[in-house]
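Asks: Structure supplied as final35.txt; contents: compact mmCIF, C-alpha atoms.
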```txt
# COMPACT_ATOMS: atom_id res chain seq x y z
CA SER A 1 -1.70 -0.04 11.84
CA GLU A 2 -0.12 2.55 9.58
CA ILE A 3 0.66 6.05 10.80
CA SER A 4 -0.43 9.34 9.22
CA SER A 5 0.57 12.88 10.08
CA PHE A 6 -0.82 16.33 9.39
CA GLY A 7 0.40 19.61 10.82
CA GLU A 8 1.57 19.00 14.37
CA SER A 9 -0.40 15.78 14.93
CA ILE A 10 0.17 12.08 14.25
CA TYR A 11 -2.75 9.68 13.82
CA PHE A 12 -2.75 5.90 14.24
CA GLY A 13 -4.73 2.92 15.47
CA GLY A 14 -3.50 1.29 18.67
CA GLY A 15 -3.47 -2.36 19.65
CA ASP A 16 -5.89 -1.49 22.48
CA GLY A 17 -8.79 -0.78 20.12
CA TYR A 18 -8.46 3.02 20.11
CA LEU A 19 -7.72 5.50 17.33
CA TYR A 20 -5.19 8.08 18.57
CA SER A 21 -4.17 11.63 17.80
CA VAL A 22 -0.89 12.65 19.47
CA GLN A 23 1.38 15.66 19.36
CA ALA A 24 4.25 15.03 16.96
CA ASP A 25 6.88 16.83 19.08
CA THR A 26 5.91 15.63 22.57
CA GLY A 27 3.85 12.46 22.14
CA ARG A 28 1.06 13.95 24.27
CA VAL A 29 -2.33 12.44 23.47
CA ASN A 30 -4.68 14.99 21.91
CA TRP A 31 -7.61 12.61 21.82
CA ARG A 32 -8.53 8.97 21.41
CA TYR A 33 -11.67 7.20 20.19
CA ALA A 34 -12.74 3.62 20.92
CA VAL A 35 -13.17 1.98 17.51
CA ARG A 36 -13.05 -1.35 19.40
CA ASN A 37 -10.86 -2.92 16.75
CA THR A 38 -7.12 -3.51 16.96
CA LEU A 39 -6.69 -3.02 13.22
CA VAL A 40 -7.54 0.11 11.29
CA SER A 41 -6.40 1.44 7.93
CA ARG A 42 -4.03 4.32 7.39
CA PRO A 43 -5.96 7.38 8.63
CA ILE A 44 -6.72 9.87 5.82
CA PHE A 45 -6.85 13.62 6.52
CA SER A 46 -9.03 15.86 4.36
CA ASN A 47 -10.37 19.37 5.06
CA GLY A 48 -10.18 19.11 8.82
CA ARG A 49 -11.64 15.61 8.95
CA LEU A 50 -10.08 12.24 9.56
CA PHE A 51 -11.32 9.12 7.75
CA VAL A 52 -10.40 5.57 8.69
CA THR A 53 -11.62 2.01 8.05
CA ALA A 54 -11.65 -0.74 10.69
CA ALA A 55 -11.19 -4.42 9.92
CA ASP A 56 -14.89 -5.07 10.64
CA ASP A 57 -15.81 -2.97 7.57
CA THR A 58 -16.78 0.14 9.52
CA VAL A 59 -15.77 3.46 7.96
CA TYR A 60 -15.47 6.41 10.36
CA ALA A 61 -15.33 10.18 9.94
CA PHE A 62 -13.98 12.33 12.80
CA ASP A 63 -13.16 15.94 13.43
CA ALA A 64 -9.37 15.74 13.21
CA GLY A 65 -8.82 18.47 15.79
CA SER A 66 -11.18 17.36 18.54
CA GLY A 67 -11.74 13.67 17.78
CA GLU A 68 -15.48 14.22 17.72
CA TRP A 69 -17.41 11.47 15.90
CA ILE A 70 -19.14 12.81 12.77
CA TRP A 71 -20.50 9.63 11.15
CA HIS A 72 -19.81 5.99 10.49
CA TYR A 73 -20.87 3.47 7.86
CA ARG A 74 -20.99 -0.22 8.77
CA ARG A 75 -21.23 -2.96 6.15
CA ARG A 76 -23.66 -5.72 7.09
CA SER A 77 -22.73 -8.35 4.51
CA SER A 78 -19.12 -9.09 5.43
CA PRO A 79 -17.95 -12.67 4.76
CA ALA A 80 -16.97 -14.98 7.61
CA ALA A 81 -13.37 -15.47 6.39
CA THR A 82 -11.41 -12.34 5.53
CA ILE A 83 -7.82 -11.23 5.06
CA HIS A 84 -6.16 -9.30 7.90
CA GLY A 85 -6.38 -5.73 6.64
CA ALA A 86 -8.52 -2.69 5.85
CA SER A 87 -8.68 -0.30 2.90
CA ALA A 88 -7.74 3.31 3.54
CA PRO A 89 -10.46 5.64 2.21
CA LEU A 90 -9.99 7.85 -0.86
CA VAL A 91 -11.62 11.28 -0.62
CA ILE A 92 -12.74 12.73 -3.96
CA GLY A 93 -14.87 15.86 -3.87
CA GLN A 94 -18.01 15.06 -1.88
CA GLN A 95 -17.38 11.31 -1.81
CA VAL A 96 -15.41 8.88 0.34
CA ILE A 97 -14.43 5.81 -1.68
CA VAL A 98 -13.33 2.64 0.11
CA GLY A 99 -12.90 -1.09 -0.50
CA LEU A 100 -14.58 -3.66 1.75
CA SER A 101 -14.04 -7.30 2.65
CA ASP A 102 -17.13 -8.49 0.76
CA GLY A 103 -15.43 -7.58 -2.51
CA TYR A 104 -17.12 -4.25 -3.19
CA LEU A 105 -15.83 -0.74 -3.78
CA VAL A 106 -18.31 1.76 -2.35
CA GLY A 107 -18.88 5.50 -2.53
CA LEU A 108 -20.12 7.24 0.62
CA SER A 109 -21.39 10.78 1.11
CA LEU A 110 -18.66 12.98 2.56
CA ASN A 111 -21.14 14.79 4.80
CA ASP A 112 -23.10 11.95 6.38
CA GLY A 113 -21.64 8.60 5.24
CA VAL A 114 -24.74 7.54 3.31
CA LEU A 115 -24.07 4.87 0.66
CA LYS A 116 -24.25 6.45 -2.81
CA TRP A 117 -23.06 3.57 -5.00
CA GLU A 118 -21.30 0.22 -4.93
CA GLN A 119 -19.23 -1.65 -7.51
CA LYS A 120 -18.53 -5.38 -7.27
CA LEU A 121 -14.87 -6.18 -7.91
CA HIS A 122 -14.14 -9.72 -6.74
CA GLN A 123 -14.30 -12.66 -9.13
CA GLY A 124 -15.66 -15.33 -6.77
CA GLN A 125 -12.30 -16.51 -5.45
CA LYS A 126 -11.71 -17.82 -1.93
CA PHE A 127 -11.03 -14.38 -0.43
CA THR A 128 -13.05 -11.45 -1.71
CA ASP A 129 -11.35 -8.67 0.28
CA VAL A 130 -10.70 -5.28 -1.26
CA ASP A 131 -8.15 -4.11 1.32
CA ALA A 132 -5.96 -2.13 -1.06
CA GLU A 133 -6.17 1.65 -0.81
CA PRO A 134 -7.80 3.09 -3.96
CA ILE A 135 -5.82 5.80 -5.73
CA LEU A 136 -6.86 8.42 -8.27
CA ASN A 137 -4.62 9.32 -11.20
CA GLY A 138 -5.61 11.14 -14.38
CA GLY A 139 -9.35 10.68 -13.83
CA VAL A 140 -8.95 6.93 -13.23
CA ILE A 141 -9.38 5.01 -9.95
CA TYR A 142 -6.99 2.07 -9.52
CA VAL A 143 -7.73 -0.62 -6.91
CA SER A 144 -7.17 -4.36 -6.55
CA SER A 145 -8.96 -7.18 -4.75
CA TYR A 146 -6.95 -9.67 -2.71
CA ASP A 147 -6.93 -12.78 -4.92
CA GLY A 148 -8.89 -11.41 -7.85
CA SER A 149 -7.75 -8.63 -10.15
CA LEU A 150 -6.48 -5.10 -10.44
CA TYR A 151 -9.10 -2.70 -11.80
CA ALA A 152 -8.88 0.65 -13.56
CA LEU A 153 -12.24 2.42 -13.29
CA ARG A 154 -13.24 5.71 -14.88
CA LYS A 155 -13.87 8.21 -12.11
CA LYS A 156 -17.02 9.82 -13.51
CA ASP A 157 -19.09 6.65 -13.97
CA ARG A 158 -16.96 3.86 -12.44
CA LYS A 159 -16.89 2.01 -15.73
CA VAL A 160 -14.09 -0.58 -15.87
CA ILE A 161 -11.52 0.60 -18.43
CA TRP A 162 -9.31 -2.45 -18.03
CA ARG A 163 -8.72 -5.34 -15.67
CA PHE A 164 -5.44 -7.15 -14.97
CA ASP A 165 -5.61 -10.74 -13.78
CA ALA A 166 -3.61 -10.40 -10.54
CA GLY A 167 -4.66 -8.94 -7.21
CA GLY A 168 -3.28 -7.94 -3.87
CA ASN A 169 -3.92 -5.93 -0.71
CA LYS A 170 -1.30 -3.24 -1.35
CA LYS A 171 -1.88 0.15 -2.92
CA VAL A 172 -0.53 0.40 -6.47
CA VAL A 173 2.23 2.92 -7.08
CA ILE A 174 2.38 5.07 -10.22
CA ASP A 175 5.51 6.55 -11.75
CA GLY A 176 4.87 8.44 -14.98
CA ARG A 177 3.07 6.11 -17.38
CA ASN A 178 3.95 2.98 -15.40
CA LEU A 179 2.04 1.35 -12.56
CA TYR A 180 3.54 -1.11 -10.07
CA LEU A 181 1.38 -3.83 -8.52
CA SER A 182 2.42 -5.95 -5.53
CA SER A 183 0.52 -9.20 -6.00
CA SER A 184 -0.63 -11.46 -3.16
CA LEU A 185 0.73 -14.45 -5.13
CA GLY A 186 4.36 -13.36 -4.79
CA TYR A 187 4.96 -11.23 -7.89
CA VAL A 188 5.62 -7.56 -8.57
CA TYR A 189 4.30 -6.30 -11.89
CA SER A 190 5.06 -3.25 -13.98
CA LEU A 191 2.06 -2.27 -16.12
CA ASP A 192 1.15 0.47 -18.55
CA LYS A 193 -1.34 2.52 -16.54
CA LYS A 194 -3.49 3.42 -19.57
CA THR A 195 -3.88 -0.05 -21.05
CA GLY A 196 -2.99 -2.50 -18.26
CA LYS A 197 -0.46 -4.14 -20.56
CA GLU A 198 2.31 -5.97 -18.71
CA ASN A 199 5.81 -4.52 -19.06
CA TRP A 200 7.47 -7.11 -16.81
CA LYS A 201 6.95 -9.21 -13.71
CA PHE A 202 9.36 -10.24 -10.97
CA GLU A 203 8.89 -13.40 -8.91
CA LEU A 204 9.92 -13.35 -5.25
CA ASP A 205 11.74 -16.31 -3.70
CA SER A 206 8.97 -16.65 -1.12
CA GLY A 207 6.37 -14.58 0.69
CA SER A 208 4.40 -11.64 -0.65
CA PRO A 209 5.83 -8.24 -1.63
CA THR A 210 5.43 -4.95 0.18
CA GLU A 211 4.24 -1.85 -1.60
CA VAL A 212 7.08 -0.66 -3.84
CA THR A 213 9.16 2.48 -3.81
CA PHE A 214 11.43 3.60 -6.62
CA THR A 215 14.48 5.62 -7.55
CA GLU A 216 15.32 7.07 -10.95
CA ASP A 217 16.15 3.66 -12.43
CA ALA A 218 15.22 1.03 -9.82
CA VAL A 219 12.17 -0.43 -8.07
CA ILE A 220 12.63 -1.48 -4.43
CA PHE A 221 10.41 -3.68 -2.27
CA GLY A 222 10.58 -6.21 0.52
CA SER A 223 9.32 -9.76 0.92
CA SER A 224 7.12 -10.71 3.86
CA PHE A 225 9.38 -13.71 4.43
CA GLN A 226 13.06 -12.87 4.04
CA TYR A 227 14.49 -10.50 1.43
CA LEU A 228 14.74 -6.90 0.34
CA TYR A 229 14.92 -6.58 -3.46
CA LEU A 230 16.16 -3.99 -5.92
CA VAL A 231 15.19 -4.56 -9.57
CA ASP A 232 15.78 -2.65 -12.77
CA LYS A 233 12.88 -0.29 -13.47
CA LYS A 234 12.89 -0.83 -17.23
CA THR A 235 13.44 -4.59 -17.44
CA GLY A 236 12.38 -5.99 -14.07
CA LYS A 237 15.68 -7.87 -13.80
CA GLY A 238 17.00 -8.37 -10.28
CA ARG A 239 20.07 -6.30 -9.43
CA TYR A 240 20.43 -6.86 -5.71
CA ARG A 241 18.79 -8.56 -2.75
CA TYR A 242 19.46 -8.32 0.98
CA ASN A 243 18.83 -11.27 3.30
CA ALA A 244 17.15 -10.06 6.50
CA GLY A 245 17.10 -13.58 7.93
CA TYR A 246 14.93 -16.64 7.49
CA GLY A 247 11.33 -15.76 8.38
CA SER A 248 12.23 -12.14 9.15
CA GLY A 249 10.78 -10.15 6.28
CA PHE A 250 9.08 -6.82 5.73
CA ARG A 251 5.47 -5.60 5.71
CA SER A 252 5.57 -1.87 5.11
CA ARG A 253 6.77 0.09 2.09
CA PRO A 254 10.46 1.07 2.11
CA LEU A 255 11.00 4.81 2.43
CA PHE A 256 13.55 6.35 0.05
CA HIS A 257 15.09 9.75 0.79
CA ALA A 258 16.23 10.97 -2.62
CA GLU A 259 18.35 13.89 -1.40
CA LYS A 260 20.33 11.83 1.11
CA LYS A 261 20.22 8.67 -1.02
CA ARG A 262 19.11 6.63 1.95
CA LEU A 263 16.58 3.83 2.21
CA TYR A 264 14.73 3.14 5.47
CA LEU A 265 12.58 0.17 6.50
CA LEU A 266 11.54 -1.92 9.49
CA SER A 267 11.66 -5.72 9.51
CA ASP A 268 9.27 -8.12 11.22
CA SER A 269 12.06 -9.06 13.63
CA GLY A 270 12.10 -5.49 14.92
CA ASN A 271 15.27 -4.31 13.16
CA PHE A 272 15.23 -0.82 11.65
CA TYR A 273 17.44 -0.59 8.58
CA CYS A 274 19.11 2.35 6.89
CA PHE A 275 20.78 1.54 3.57
CA ALA A 276 23.12 3.85 1.67
CA MET A 277 22.92 3.99 -2.13
CA ARG A 278 26.29 3.87 -3.88
CA GLY A 279 27.29 4.66 -7.44
CA SER A 280 27.93 2.37 -10.37
CA GLN A 281 30.29 -0.60 -10.02
CA LYS A 282 31.76 -2.40 -13.01
CA LYS A 283 32.98 -5.43 -11.08
CA ARG A 284 31.18 -7.75 -8.75
CA PRO A 285 32.40 -7.27 -5.16
CA LYS A 286 34.97 -9.91 -4.22
CA GLY A 287 33.60 -12.65 -2.00
CA LYS A 288 29.97 -11.86 -2.80
CA THR A 289 28.00 -14.99 -1.95
CA ASP A 290 24.46 -13.97 -2.84
CA PRO A 291 23.13 -16.74 -5.15
CA TYR A 292 21.64 -14.17 -7.53
CA ARG A 293 24.29 -13.30 -10.13
CA PHE A 294 23.28 -9.70 -10.54
CA PHE A 295 25.55 -7.27 -12.35
CA LEU A 296 25.37 -4.55 -9.75
CA GLN A 297 24.93 -0.94 -10.79
CA ASP A 298 23.42 0.59 -7.67
CA VAL A 299 24.23 -1.25 -4.46
CA ILE A 300 22.37 -1.10 -1.18
CA ARG A 301 24.47 -1.81 1.88
```
Represent the supplied structure as structure tokens.
Replies:
Amino acid sequence: SEISSFGESIYFGGGDGYLYSVQADTGRVNWRYAVRNTLVSRPIFSNGRLFVTAADDTVYAFDAGSGEWIWHYRRRSSPAATIHGASAPLVIGQQVIVGLSDGYLVGLSLNDGVLKWEQKLHQGQKFTDVDAEPILNGGVIYVSSYDGSLYALRKKDRKVIWRFDAGGNKKVVIDGRNLYLSSSLGYVYSLDKKTGKENWKFELDSGSPTEVTFTEDAVIFGSSFQYLYLVDKKTGKGRYRYNAGYGSGFRSRPLFHAEKKRLYLLSDSGNFYCFAMRGSQKKRPKGKTDPYRFFLQDVIR
């Protein structure tokens, strides 16, 4: 499960079926709650409350300080076969918006978890899951279903503004007017966030991409199977890839520290990487054996 932090506390779901709050400086457990599920979404903190979704389509609200249960909403129509994941809730005003494995985006009352509305997103494919975290940008909610589509919905009435025919279980990332989608079918797309028009797409060698991160002129993401990629932000052309080893890929979003020019990420084989960003190079490094013939501008090492 993903980790969240607020103030002096860190929140995460444990493999023992509990949701934990621990002290960031000492690791002392503040509280724990038995969600009875080994997989929960990234916990979301808002106005003293903690919101989290379990893989069985139960959405919880807790007092973040004490761990006291406030409410929960449990979906009763979950399909038998689902993708391993859960959508982190999006808190907007007096609503908690979350995707569920039956292919719906729902709005719950912030105060008591009562269902206010639901919007069907899936297109009748094999897997209907909406495990991607919804995001709000410029009055528009962006969210994708696993093997369906990416949707842009108007916040005030949830009307679909546009739909892009590729889905995934990763949160989209927005940079200015561009939106980056990590597709479950092994592509990363750059789209115009207002129209959904495709700027470019990049095909991975194998596996599915992580959520992307970006620098001033590059987009960076990992493959679940083997590689770390750096592509040109404007064109989508590959500029560099790092081989983490056959079958040893990445699941979580790379973290880029702009001031230090460092990139951090953890591989499935348990290796924690720190890459240093270097300046422009006019010549290809001697002895470079990577089969991609990138003309390197920024190099990760």
Asks: Name the closest residue to Tyr246 of chain A among the candidates A:Lys260, A:Val173, A:Arg76, A:Gly207; distances are taken between atoms, counting only C-alpha atoms.
Replies: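 Residue with the minimum atom-to-atom distance to Tyr246 of chain A: A:Gly207.
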Asks: Contacts of Arg42 of chain A at 9 Å or less, counting only C-alpha atoms, minus same-chain residues fewer than 4 places along, as a compact mmCIF listing (two decimals) with C-alpha atoms, in the coordinates of the input?
Replies:
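File result32.txt, as written:
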```txt
# COMPACT_ATOMS: atom_id res chain seq x y z
CA SER A 1 -1.70 -0.04 11.84
CA GLU A 2 -0.12 2.55 9.58
CA ILE A 3 0.66 6.05 10.80
CA SER A 4 -0.43 9.34 9.22
CA TYR A 11 -2.75 9.68 13.82
CA PHE A 12 -2.75 5.90 14.24
CA GLY A 13 -4.73 2.92 15.47
CA PHE A 51 -11.32 9.12 7.75
CA VAL A 52 -10.40 5.57 8.69
CA THR A 53 -11.62 2.01 8.05
CA ALA A 86 -8.52 -2.69 5.85
CA SER A 87 -8.68 -0.30 2.90
CA ALA A 88 -7.74 3.31 3.54
CA PRO A 89 -10.46 5.64 2.21
CA GLU A 133 -6.17 1.65 -0.81
```
Asks: Which residue, A:Asp232, A:Ser182, A:Val130, A:Tyr104, has the smallest gap to Glu216 of chain A when you use only C-alpha atoms?
Replies: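 Closest to Glu216 of chain A of all the choices is A:Asp232.
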Asks: Measure the distance from atom CA of Thr195 of chain A to atom CA of Leu90 of chain A in Å and round it to one decimal.
Replies: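 One can read the atom CA of Thr195 of chain A to atom CA of Leu90 of chain A distance as 22.5 Å.
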Asks: Please compute the atom CA of Leu179 of chain A-atom CA of Asn137 of chain A distance, one decimal, in Å.
Replies: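 Computing the Euclidean distance for atom CA of Leu179 of chain A and atom CA of Asn137 of chain A yields 10.5 Å.
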Asks: Would you mind reading off the distance between atom CA of Tyr18 of chain A and atom CA of Asn37 of chain A, one decimal, in Å?
Replies: 7.2 Å
Asks: Ranking A:Gly17, A:Gly167, A:Pro43, A:Gly249 by minimum distance to Asp205 of chain A and counting only C-alpha atoms, which one comes first?
Replies: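 Nearest candidate to Asp205 of chain A out of A:Gly17, A:Gly167, A:Pro43, A:Gly249: A:Gly249.
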Asks: Looking at all atoms listed in the file, which of A:Thr210, A:Ser145, A:Ser9, A:Gln95 is the one that sits closest to Asn30 of chain A?
Replies: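 Smallest distance to Asn30 of chain A is found for A:Ser9.
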Asks: Taking the point (-11.2, 8.8, 21.1) as given in the file, collect each protein or nucleic acid residue that comes within 9 Å of it, counting only C-alpha atoms, and present the set as a list in words.
Replies: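 Output of the proximity query reads Tyr18, Leu19, Tyr20, Ser21, Trp31, Arg32, Tyr33, Ala34, Val35, Ser66, Gly67, Glu68 and Trp69 of chain A.
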Asks: Could you list, as a list of chain:residue names, every residue within 6 Å of Gly103 of chain A, counting all atoms listed in the file and ignoring same-chain residues fewer than 5 positions away?
Replies: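 These residues fall inside the cut-off: A:Leu121, A:His122, A:Thr128, A:Asp129, A:Val130.
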Asks: Can you list, as a list of chain:residue names, every protein, DNA or RNA residue that comes within 6 Å of Tyr189 of chain A when you count all atoms listed in the file, leaving out same-chain residues fewer than 6 positions away?
Replies: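 Final neighbour list, sorted by chain and number: A:Tyr180, A:Leu181, A:Trp200, A:Lys201.
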Asks: Hey, which of A:Lys197, A:Arg74, A:Arg262, A:Lys116 ends up closest to Ala152 of chain A? Count all atoms listed in the file.
Replies: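 Comparing A:Lys197, A:Arg74, A:Arg262, A:Lys116 against Ala152 of chain A, the winner is A:Lys197.
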Asks: Have a look at A:Leu255, A:Ala166, A:Leu153, A:Val96 and name the one nearest to Cys274 of chain A; count all atoms listed in the file.
Replies: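 For Cys274 of chain A, the nearest of the candidates is A:Leu255.
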Asks: Step by step: start from the point (-2.8, 5.6, -7.1) in the file's coordinates, keep every protein, DNA or RNA residue that has an atom no farther than 9 Å from it, count only C-alpha atoms, and write the set as a compact mmCIF listing (two decimals) with C-alpha atoms, in the frame of the given file.
Replies:
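Final output, saved to selection.txt:
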```
# COMPACT_ATOMS: atom_id res chain seq x y z
CA GLU A 133 -6.17 1.65 -0.81
CA PRO A 134 -7.80 3.09 -3.96
CA ILE A 135 -5.82 5.80 -5.73
CA LEU A 136 -6.86 8.42 -8.27
CA ASN A 137 -4.62 9.32 -11.20
CA VAL A 140 -8.95 6.93 -13.23
CA ILE A 141 -9.38 5.01 -9.95
CA TYR A 142 -6.99 2.07 -9.52
CA VAL A 143 -7.73 -0.62 -6.91
CA LYS A 171 -1.88 0.15 -2.92
CA VAL A 172 -0.53 0.40 -6.47
CA VAL A 173 2.23 2.92 -7.08
CA ILE A 174 2.38 5.07 -10.22
CA LEU A 179 2.04 1.35 -12.56
```
Asks: Just need segment 252-270 of chain A in a file, please: N, CA, C and O atoms, as a compact mmCIF listing (two decimals), in the first residue's frame.
Replies:
```
# COMPACT_ATOMS: atom_id res chain seq x y z
N SER A 252 5.84 1.87 -8.34
CA SER A 252 5.46 3.18 -7.83
C SER A 252 6.09 4.29 -8.67
O SER A 252 7.09 4.09 -9.37
N ARG A 253 5.52 5.46 -8.57
CA ARG A 253 5.97 6.63 -9.33
C ARG A 253 7.37 7.04 -8.90
O ARG A 253 7.66 7.13 -7.70
N PRO A 254 8.27 7.30 -9.85
CA PRO A 254 9.59 7.85 -9.49
C PRO A 254 9.43 9.21 -8.82
O PRO A 254 8.52 9.98 -9.17
N LEU A 255 10.29 9.49 -7.88
CA LEU A 255 10.27 10.78 -7.18
C LEU A 255 11.44 11.62 -7.64
O LEU A 255 12.59 11.19 -7.53
N PHE A 256 11.16 12.81 -8.19
CA PHE A 256 12.23 13.69 -8.68
C PHE A 256 12.39 14.86 -7.75
O PHE A 256 11.43 15.58 -7.43
N HIS A 257 13.63 15.07 -7.28
CA HIS A 257 13.97 16.21 -6.43
C HIS A 257 14.62 17.26 -7.33
O HIS A 257 15.79 17.13 -7.72
N ALA A 258 13.86 18.30 -7.67
CA ALA A 258 14.32 19.28 -8.66
C ALA A 258 15.55 20.05 -8.20
O ALA A 258 16.46 20.31 -9.00
N GLU A 259 15.61 20.41 -6.93
CA GLU A 259 16.73 21.21 -6.43
C GLU A 259 18.03 20.42 -6.47
O GLU A 259 19.07 20.94 -6.89
N LYS A 260 17.98 19.17 -6.06
CA LYS A 260 19.19 18.34 -6.04
C LYS A 260 19.44 17.62 -7.36
O LYS A 260 20.48 17.01 -7.54
N LYS A 261 18.44 17.68 -8.25
CA LYS A 261 18.52 16.96 -9.53
C LYS A 261 18.78 15.48 -9.31
O LYS A 261 19.70 14.89 -9.89
N ARG A 262 17.98 14.91 -8.45
CA ARG A 262 18.09 13.49 -8.14
C ARG A 262 16.74 12.81 -8.37
O ARG A 262 15.69 13.40 -8.13
N LEU A 263 16.81 11.55 -8.80
CA LEU A 263 15.62 10.76 -9.04
C LEU A 263 15.68 9.52 -8.14
O LEU A 263 16.70 8.83 -8.11
N TYR A 264 14.60 9.24 -7.44
CA TYR A 264 14.57 8.13 -6.50
C TYR A 264 13.44 7.17 -6.85
O TYR A 264 12.33 7.60 -7.16
N LEU A 265 13.71 5.86 -6.77
CA LEU A 265 12.65 4.88 -6.96
C LEU A 265 13.09 3.51 -6.45
O LEU A 265 14.28 3.23 -6.32
N LEU A 266 12.07 2.68 -6.16
CA LEU A 266 12.29 1.35 -5.61
C LEU A 266 11.84 0.31 -6.61
O LEU A 266 10.74 0.40 -7.17
N SER A 267 12.67 -0.70 -6.86
CA SER A 267 12.33 -1.75 -7.82
C SER A 267 11.65 -2.91 -7.12
O SER A 267 11.70 -3.05 -5.90
N ASP A 268 11.02 -3.78 -7.92
CA ASP A 268 10.35 -4.95 -7.37
C ASP A 268 11.33 -5.96 -6.77
O ASP A 268 10.93 -6.82 -5.98
N SER A 269 12.60 -5.85 -7.14
CA SER A 269 13.60 -6.75 -6.58
C SER A 269 14.14 -6.24 -5.24
O SER A 269 15.03 -6.85 -4.65
N GLY A 270 13.62 -5.10 -4.79
CA GLY A 270 14.02 -4.57 -3.49
C GLY A 270 15.18 -3.61 -3.54
O GLY A 270 15.70 -3.22 -2.48
```
